[in-house]
Amino acid sequence: MKKIFLSALLITLSALFVFAQGTALIKFEKTSHNFGSFSESNPKVTCTFKFTNAGDGPLVIHQAIASCGCTVPQYPKEPIKPGESGIITVTYDGAGKFPGHFRKTITLRTNSKDEITRLVIEGDMMPSANK
């Protein structure tokens with residue numbers, strides 16, 4: 001009987017601890033970026049997406065998955081406290097790709113109230129003049 005009581009008590013305390021931490025809420029200044037036109041001779045472009053944890057619990061980004069290997073997201077691995085900000089840096093490398101318009105997505109999995117957030121990058125890689 002003591003074991004059942006202690007187990008129930010531990011489960012209850014664990015649940016209270018989780019609820020006491022609050023809920024994270026990720027808010028971005030912008031969720032898309034257009035690089036405009038850039039040359040195939042300089043095919044690597046980078047942008048940043050600034051976000052704030054507008055919730056009352058720590059924000060954790062579990063994953064940032066790009067829609068293809070030419071796009072690489074970098075994100076903070078440590079929890080972001082309520083009210084604090086962070087940056088996600090996204091690099092597109094068009095080396096070896098055909099010139100023209102591109103549109104890529106980065107899917108973020110977080111512990112935010114909205115668990116999935118999608119960021120979008122796009123632009124036009126122009127053929128280099130020496131081809």
# chains A, B, ... in the order shown; residues from 1 in each chain; ligands from 1
>>> residues_around(residues="region 83-98 of chain A", least_positions_apart="2", cutoff="9 Å", atoms="only C-alpha atoms", output="short mmCIF file (atom, residue, chain, number, x, y, z; two decimals) with C-alpha atoms, in the first residue's frame")
data_model
loop_
_atom_site.label_atom_id
_atom_site.label_comp_id
_atom_site.auth_asym_id
_atom_site.auth_seq_id
_atom_site.Cartn_x
_atom_site.Cartn_y
_atom_site.Cartn_z
CA GLU A 40 25.61 32.23 -59.60
CA SER A 41 29.28 33.22 -59.13
CA ASN A 42 28.42 34.06 -55.47
CA PRO A 43 25.88 31.29 -54.79
CA LYS A 44 25.90 31.30 -50.99
CA VAL A 45 23.48 33.67 -49.22
CA THR A 46 22.49 33.90 -45.56
CA CYS A 47 19.66 35.48 -43.59
CA THR A 48 18.48 35.53 -39.99
CA PHE A 49 15.08 35.11 -38.38
CA LYS A 50 14.75 36.76 -34.96
CA PHE A 51 12.24 35.32 -32.49
CA THR A 52 11.11 35.94 -28.92
CA ASN A 53 9.69 33.58 -26.35
CA ALA A 54 6.42 35.38 -25.57
CA GLY A 55 5.22 32.59 -23.27
CA ASP A 56 5.68 32.01 -19.57
CA GLY A 69 20.30 19.80 -48.52
CA CYS A 70 21.18 23.14 -50.12
CA THR A 71 19.58 24.95 -47.17
CA VAL A 72 21.17 24.77 -43.72
CA PRO A 73 19.47 26.18 -40.60
CA GLN A 74 21.36 26.91 -37.37
CA TYR A 75 19.36 27.39 -34.18
CA PRO A 76 19.97 27.73 -30.43
CA ILE A 80 15.16 30.30 -24.34
CA LYS A 81 13.72 31.82 -21.17
CA GLY A 100 16.56 30.60 -61.54
CA LYS A 104 12.75 26.56 -49.65
CA ILE A 106 12.53 25.26 -42.85
CA ILE A 121 13.36 31.63 -48.02
CA MET A 125 20.03 33.01 -58.68
CA PRO A 127 23.58 32.93 -64.34
#
>>> select_by_dssp(residues="region 51-87 of chain A", states="strand (DSSP E or B)", output="list in words")
Phe51, Thr52, Asn53, Leu59, Ile61, His62, Gln63, Ala64, Ile65, Ala66, Thr71, Val72, Pro73, Gln74, Ile80, Ser85, Gly86 and Ile87 of chain A
>>> atom_distance(atom1="CA of Val120 (chain A)", atom2="CA of Glu78 (chain A)")
23.3 Å
